[in-house]
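Engineer: My structure is stored as upload.tsv, with TSV, C-alpha atoms.
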```tsv
chain	number	residue	atom	x	y	z
Q	1	MET	CA	63.92	134.19	74.50
Q	2	ARG	CA	65.52	136.77	76.78
Q	3	SER	CA	69.30	136.93	76.95
Q	4	GLY	CA	69.40	135.83	80.62
Q	5	SER	CA	67.39	132.70	79.80
Q	6	TRP	CA	69.63	131.94	76.85
Q	7	ILE	CA	72.77	132.13	78.98
Q	8	THR	CA	71.18	129.88	81.63
Q	9	LEU	CA	70.20	127.34	78.95
Q	10	VAL	CA	73.76	127.28	77.54
Q	11	CYS	CA	75.29	126.87	81.00
Q	12	VAL	CA	72.94	124.02	81.92
Q	13	SER	CA	73.65	122.31	78.58
Q	14	LEU	CA	77.40	122.54	79.15
Q	15	LEU	CA	77.07	121.17	82.67
Q	16	LEU	CA	75.00	118.22	81.47
Q	17	ALA	CA	77.46	117.49	78.67
Q	18	GLY	CA	80.26	117.34	81.22
Q	19	CYS	CA	78.44	114.79	83.41
Q	20	GLY	CA	78.83	111.78	81.15
Q	21	GLY	CA	81.58	109.81	79.47
Q	22	ALA	CA	85.08	110.52	80.75
Q	23	GLY	CA	83.90	111.56	84.20
Q	24	LYS	CA	82.41	108.17	85.11
Q	25	SER	CA	83.40	107.10	88.60
Q	26	LYS	CA	84.88	103.71	89.35
Q	27	PRO	CA	82.65	101.15	91.11
Q	28	THR	CA	83.14	101.03	94.86
Q	29	GLY	CA	82.50	98.64	97.71
Q	30	THR	CA	82.50	98.53	101.46
Q	31	VAL	CA	84.98	96.22	103.18
Q	32	SER	CA	84.86	94.78	106.68
Q	33	GLY	CA	86.24	91.72	108.37
Q	34	LYS	CA	88.27	90.33	111.21
Q	35	VAL	CA	92.02	90.01	111.77
Q	36	THR	CA	93.25	87.16	113.92
Q	37	LEU	CA	96.73	86.19	115.06
Q	38	ASN	CA	97.13	82.44	115.54
Q	39	GLY	CA	93.35	82.12	115.67
Q	40	LYS	CA	92.80	84.83	118.32
Q	41	PRO	CA	91.52	88.37	117.59
Q	42	LEU	CA	94.27	90.89	116.90
Q	43	GLU	CA	93.79	93.51	119.60
Q	44	GLY	CA	94.53	96.92	118.19
Q	45	GLY	CA	96.67	98.37	115.46
Q	46	SER	CA	95.50	99.14	111.93
Q	47	ILE	CA	94.94	97.42	108.62
Q	48	VAL	CA	95.85	99.16	105.36
Q	49	PHE	CA	94.81	98.17	101.82
Q	50	PHE	CA	97.08	99.41	98.99
Q	51	ALA	CA	95.57	99.38	95.49
Q	52	GLU	CA	97.63	97.56	92.86
Q	53	GLY	CA	99.02	100.04	90.34
Q	54	THR	CA	97.34	103.22	91.57
Q	55	GLY	CA	98.98	103.85	94.93
Q	56	ASP	CA	95.54	104.51	96.41
Q	57	SER	CA	94.95	103.24	99.95
Q	58	ALA	CA	92.24	102.68	102.53
Q	59	SER	CA	92.68	101.95	106.22
Q	60	SER	CA	90.94	101.12	109.46
Q	61	SER	CA	91.79	100.68	113.07
Q	62	VAL	CA	91.50	97.11	114.29
Q	63	LEU	CA	89.19	96.96	117.30
Q	64	LYS	CA	89.78	94.86	120.45
Q	65	ASP	CA	87.69	92.02	118.98
Q	66	GLY	CA	89.81	92.02	115.79
Q	67	THR	CA	87.15	93.59	113.56
Q	68	TYR	CA	87.66	96.43	111.09
Q	69	SER	CA	85.73	98.51	108.52
Q	70	LEU	CA	87.82	100.24	105.87
Q	71	LYS	CA	87.70	103.98	105.29
Q	72	HIS	CA	88.74	105.66	102.06
Q	73	GLY	CA	88.94	109.43	102.17
Q	74	LYS	CA	85.95	110.71	104.15
Q	75	GLY	CA	83.70	107.70	103.51
Q	76	PHE	CA	83.55	103.96	103.77
Q	77	SER	CA	83.37	103.16	100.02
Q	78	VAL	CA	86.58	101.79	98.56
Q	79	PRO	CA	87.33	101.68	94.81
Q	80	ALA	CA	86.85	98.15	93.45
Q	81	GLY	CA	90.07	96.36	92.53
Q	82	ASP	CA	93.01	94.28	93.72
Q	83	TYR	CA	94.79	95.26	96.93
Q	84	ARG	CA	97.89	94.27	98.86
Q	85	VAL	CA	97.35	94.37	102.59
Q	86	ALA	CA	99.60	95.32	105.52
Q	87	LEU	CA	99.13	95.87	109.22
Q	88	SER	CA	100.44	98.61	111.44
Q	89	PRO	CA	100.95	98.49	115.19
Q	90	VAL	CA	99.51	102.02	115.48
Q	91	ASN	CA	95.79	102.81	115.65
Q	92	VAL	CA	95.10	105.16	112.68
Q	93	ASP	CA	91.84	106.49	114.14
Q	94	ALA	CA	93.13	107.30	117.62
Q	95	PRO	CA	92.95	110.93	118.63
Q	96	ALA	CA	96.05	112.57	120.05
Q	97	PRO	CA	96.34	111.51	123.69
Q	98	ASP	CA	95.69	113.90	126.53
Q	99	PRO	CA	99.15	114.53	128.06
Q	100	THR	CA	97.91	113.88	131.61
Q	101	ASP	CA	96.20	110.64	130.58
Q	102	LEU	CA	99.35	109.60	128.73
Q	103	MET	CA	101.42	110.11	131.88
Q	104	ASN	CA	98.93	108.24	134.08
Q	105	ASN	CA	98.11	105.41	131.63
Q	106	PRO	CA	101.10	104.94	129.29
Q	107	LYS	CA	100.18	101.31	128.46
Q	108	LYS	CA	96.89	102.55	127.00
Q	109	TYR	CA	98.80	104.30	124.20
Q	110	GLU	CA	101.46	101.71	123.41
Q	111	PRO	CA	101.37	100.29	119.89
Q	112	ASN	CA	100.42	96.66	119.29
Q	113	ASN	CA	103.87	95.12	118.92
Q	114	ASN	CA	102.49	91.57	118.66
Q	115	ILE	CA	102.18	91.85	114.88
Q	116	PRO	CA	104.84	89.70	113.15
Q	117	GLU	CA	107.28	91.85	111.18
Q	118	LYS	CA	106.46	90.39	107.75
Q	119	TYR	CA	102.89	91.77	107.99
Q	120	LEU	CA	104.08	95.35	108.49
Q	121	ASP	CA	104.89	95.73	104.77
Q	122	ALA	CA	102.40	95.04	101.96
Q	123	LYS	CA	105.27	93.72	99.81
Q	124	THR	CA	106.17	90.98	102.29
Q	125	SER	CA	102.86	90.26	104.02
Q	126	GLY	CA	101.47	87.91	101.38
Q	127	LEU	CA	98.03	89.30	102.22
Q	128	VAL	CA	95.82	90.25	99.27
Q	129	ALA	CA	92.19	91.20	98.82
Q	130	VAL	CA	89.86	91.71	95.89
Q	131	VAL	CA	87.29	94.44	96.48
Q	132	LYS	CA	84.16	94.02	94.39
Q	133	ALA	CA	81.40	96.58	93.88
Q	134	GLY	CA	78.92	96.45	96.74
Q	135	SER	CA	79.38	94.83	100.12
Q	136	ASN	CA	82.55	92.83	100.92
Q	137	PRO	CA	81.90	91.45	104.43
Q	138	ASN	CA	84.00	88.74	106.01
Q	139	THR	CA	87.24	89.90	104.39
Q	140	ASP	CA	89.18	88.13	107.10
Q	141	PHE	CA	92.90	87.59	107.64
Q	142	ASP	CA	94.51	85.03	109.95
Q	143	LEU	CA	98.10	85.92	110.70
Q	144	GLN	CA	100.46	83.11	111.65
```
Please re-express this file's structure in structure tokens.

Structural biologist:
Amino acid sequence: MRSGSWITLVCVSLLLAGCGGAGKSKPTGTVSGKVTLNGKPLEGGSIVFFAEGTGDSASSSVLKDGTYSLKHGKGFSVPAGDYRVALSPVNVDAPAPDPTDLMNNPKKYEPNNNIPEKYLDAKTSGLVAVVKAGSNPNTDFDLQ
């Protein structure tokens, strides 16, 4: 065996050895649902899931019909586990407004201040979710 082939074989073996065991990734799931306030769709704002014990989070803007689909990092898969949930009056996915549009349409950029204060903090909201591996549709919340 030539020395170049030997080095390649050793490198490939080391890479394969590093792919198992401790490097296993945690199961993930996708999460979507609807947020309502007194039975009507919450129009705007954001929903944020905070993982119990890890400090990890995932968020989504709440659309005009109250629906959301969580994002974690650059994708839509969220680590499986227990989460506390909070809402924010600000749309997390909104691009920075065009200054001219902001001047001409200020109401378009106002936060959703209809969210009751207790739901703004995951510690006081009382909202919880369990994310299981795979699809988690209909993870709905009705705010009172």

Engineer: What is the distance, in Å and to one decimal place, between CA of Gly81 (chain Q) and CA of Ser60 (chain Q)?

Structural biologist: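 For CA of Gly81 (chain Q) relative to CA of Ser60 (chain Q), the distance reads 17.6 Å.
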
Engineer: Quick check, in Å to one decimal: how far apart do CA of Phe50 (chain Q) and CA of Asp65 (chain Q) lie?

Structural biologist: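 Those two atoms sit 23.3 Å apart.
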
Engineer: By how many Å are CA of Lys64 (chain Q) and CA of Pro99 (chain Q) apart?

Structural biologist: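 Answer for the CA of Lys64 (chain Q) to CA of Pro99 (chain Q) separation: 23.1 Å.
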
Engineer: Excluding same-chain residues fewer than 6 positions from Ile47 (chain Q), what lies within 7 Å of it counting all atoms listed in the file, as a short mmCIF file (atom, residue, chain, number, x, y, z; two decimals) with C-alpha atoms, in the frame of the given file?

Structural biologist:
```
data_model
loop_
_atom_site.label_atom_id
_atom_site.label_comp_id
_atom_site.auth_asym_id
_atom_site.auth_seq_id
_atom_site.Cartn_x
_atom_site.Cartn_y
_atom_site.Cartn_z
CA SER Q 59 92.68 101.95 106.22
CA SER Q 60 90.94 101.12 109.46
CA SER Q 61 91.79 100.68 113.07
CA VAL Q 62 91.50 97.11 114.29
CA ALA Q 86 99.60 95.32 105.52
CA LEU Q 87 99.13 95.87 109.22
CA SER Q 88 100.44 98.61 111.44
#
```

Engineer: Smallest atom-to-atom distance to Val35 (chain Q): which of Q:Val128, Q:Ala94, Q:Leu70, Q:Leu63, using only C-alpha atoms?

Structural biologist: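 Going through Q:Val128, Q:Ala94, Q:Leu70, Q:Leu63 one by one, the smallest distance to Val35 (chain Q) is for Q:Leu63.
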
Engineer: Of the residues Q:Pro106, Q:Pro79, Q:Gly73, Q:Gly44, which is the one nearest to Pro27 (chain Q), using all atoms listed in the file?

Structural biologist: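 Distance minimum relative to Pro27 (chain Q) lands on Q:Pro79.
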
Engineer: Show me, as JSON, the centre and edge lengths in Å to one decimal of the axis-aligned box that covers every listed atom of region 57-61 of chain Q with 8 Å on each side.

Structural biologist:
```
{"center_x": 92.9, "center_y": 102.0, "center_z": 106.5, "size_x": 20.0, "size_y": 18.6, "size_z": 29.1}
```

Engineer: Ranking Q:Thr100, Q:Thr30, Q:Ser25, Q:Asn114 by minimum distance to Val130 (chain Q) and counting all atoms listed in the file, which one comes first?

Structural biologist: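 Among Q:Thr100, Q:Thr30, Q:Ser25, Q:Asn114, it is Q:Thr30 that comes nearest to Val130 (chain Q).
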
Engineer: Of the residues Q:Asn136, Q:Thr54, Q:Asn91, Q:Ser32, which is the one nearest to Asn113 (chain Q), using only C-alpha atoms?

Structural biologist: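 Under the stated criterion, the closest residue is Q:Asn91.
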
Engineer: I'd like to know which of Q:Asp56, Q:Thr67, Q:Gly126, Q:Leu120 is closest to Leu42 (chain Q), using all atoms listed in the file.

Structural biologist: Q:Thr67

Engineer: Pick the closest to Lys74 (chain Q) from Q:Pro137, Q:Ala58, Q:Asn104, Q:Lys123: which is it, counting all atoms listed in the file?

Structural biologist: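 Ranking Q:Pro137, Q:Ala58, Q:Asn104, Q:Lys123 by distance to Lys74 (chain Q), first place goes to Q:Ala58.
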
Engineer: Find the spatial neighbours of Lys26 (chain Q), counting only C-alpha atoms, within a cut-off of 12 Å - ignore same-chain residues fewer than 5 positions away - and output them as a list of chain:residue names.

Structural biologist: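 The contact residues come out as Q:Ser77, Q:Val78, Q:Pro79, Q:Ala80, Q:Gly81, Q:Val131, Q:Lys132, Q:Ala133, Q:Gly134.
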
Engineer: Would it be fine to have region 82-95 of chain Q, with N, CA and C atoms, given as an mmCIF file, in the first residue's frame?

Structural biologist:
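Output contents, as saved in part13.cif:
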```cif
data_model
loop_
_atom_site.group_PDB
_atom_site.id
_atom_site.type_symbol
_atom_site.label_atom_id
_atom_site.label_comp_id
_atom_site.auth_asym_id
_atom_site.auth_seq_id
_atom_site.Cartn_x
_atom_site.Cartn_y
_atom_site.Cartn_z
ATOM 1 N N ASP Q 82 -39.653 19.333 26.693
ATOM 2 C CA ASP Q 82 -40.666 20.150 27.354
ATOM 3 C C ASP Q 82 -40.313 21.631 27.208
ATOM 4 N N TYR Q 83 -41.317 22.426 26.911
ATOM 5 C CA TYR Q 83 -41.113 23.857 26.674
ATOM 6 C C TYR Q 83 -42.121 24.697 27.457
ATOM 7 N N ARG Q 84 -41.660 25.858 27.921
ATOM 8 C CA ARG Q 84 -42.537 26.901 28.422
ATOM 9 C C ARG Q 84 -42.736 27.852 27.260
ATOM 10 N N VAL Q 85 -43.912 28.452 27.193
ATOM 11 C CA VAL Q 85 -44.263 29.255 26.020
ATOM 12 C C VAL Q 85 -44.636 30.676 26.438
ATOM 13 N N ALA Q 86 -44.190 31.643 25.649
ATOM 14 C CA ALA Q 86 -44.548 33.050 25.861
ATOM 15 C C ALA Q 86 -44.894 33.669 24.516
ATOM 16 N N LEU Q 87 -45.530 34.807 24.575
ATOM 17 C CA LEU Q 87 -45.861 35.554 23.368
ATOM 18 C C LEU Q 87 -45.189 36.910 23.432
ATOM 19 N N SER Q 88 -44.959 37.474 22.276
ATOM 20 C CA SER Q 88 -44.350 38.793 22.176
ATOM 21 C C SER Q 88 -45.208 39.631 21.246
ATOM 22 N N PRO Q 89 -45.372 40.908 21.546
ATOM 23 C CA PRO Q 89 -46.166 41.757 20.661
ATOM 24 C C PRO Q 89 -45.460 42.067 19.344
ATOM 25 N N VAL Q 90 -44.167 41.756 19.248
ATOM 26 C CA VAL Q 90 -43.370 42.109 18.074
ATOM 27 C C VAL Q 90 -43.228 40.907 17.142
ATOM 28 N N ASN Q 91 -43.338 41.134 15.863
ATOM 29 C CA ASN Q 91 -43.181 40.109 14.840
ATOM 30 C C ASN Q 91 -41.691 39.813 14.667
ATOM 31 N N VAL Q 92 -41.237 38.586 15.020
ATOM 32 C CA VAL Q 92 -39.807 38.265 14.965
ATOM 33 C C VAL Q 92 -39.276 38.129 13.548
ATOM 34 N N ASP Q 93 -40.144 37.846 12.582
ATOM 35 C CA ASP Q 93 -39.694 37.635 11.208
ATOM 36 C C ASP Q 93 -39.795 38.879 10.333
ATOM 37 N N ALA Q 94 -40.272 39.966 10.896
ATOM 38 C CA ALA Q 94 -40.478 41.178 10.084
ATOM 39 C C ALA Q 94 -39.150 41.809 9.703
ATOM 40 N N PRO Q 95 -39.000 42.161 8.441
ATOM 41 C CA PRO Q 95 -37.789 42.881 8.041
ATOM 42 C C PRO Q 95 -37.844 44.314 8.570
#
```
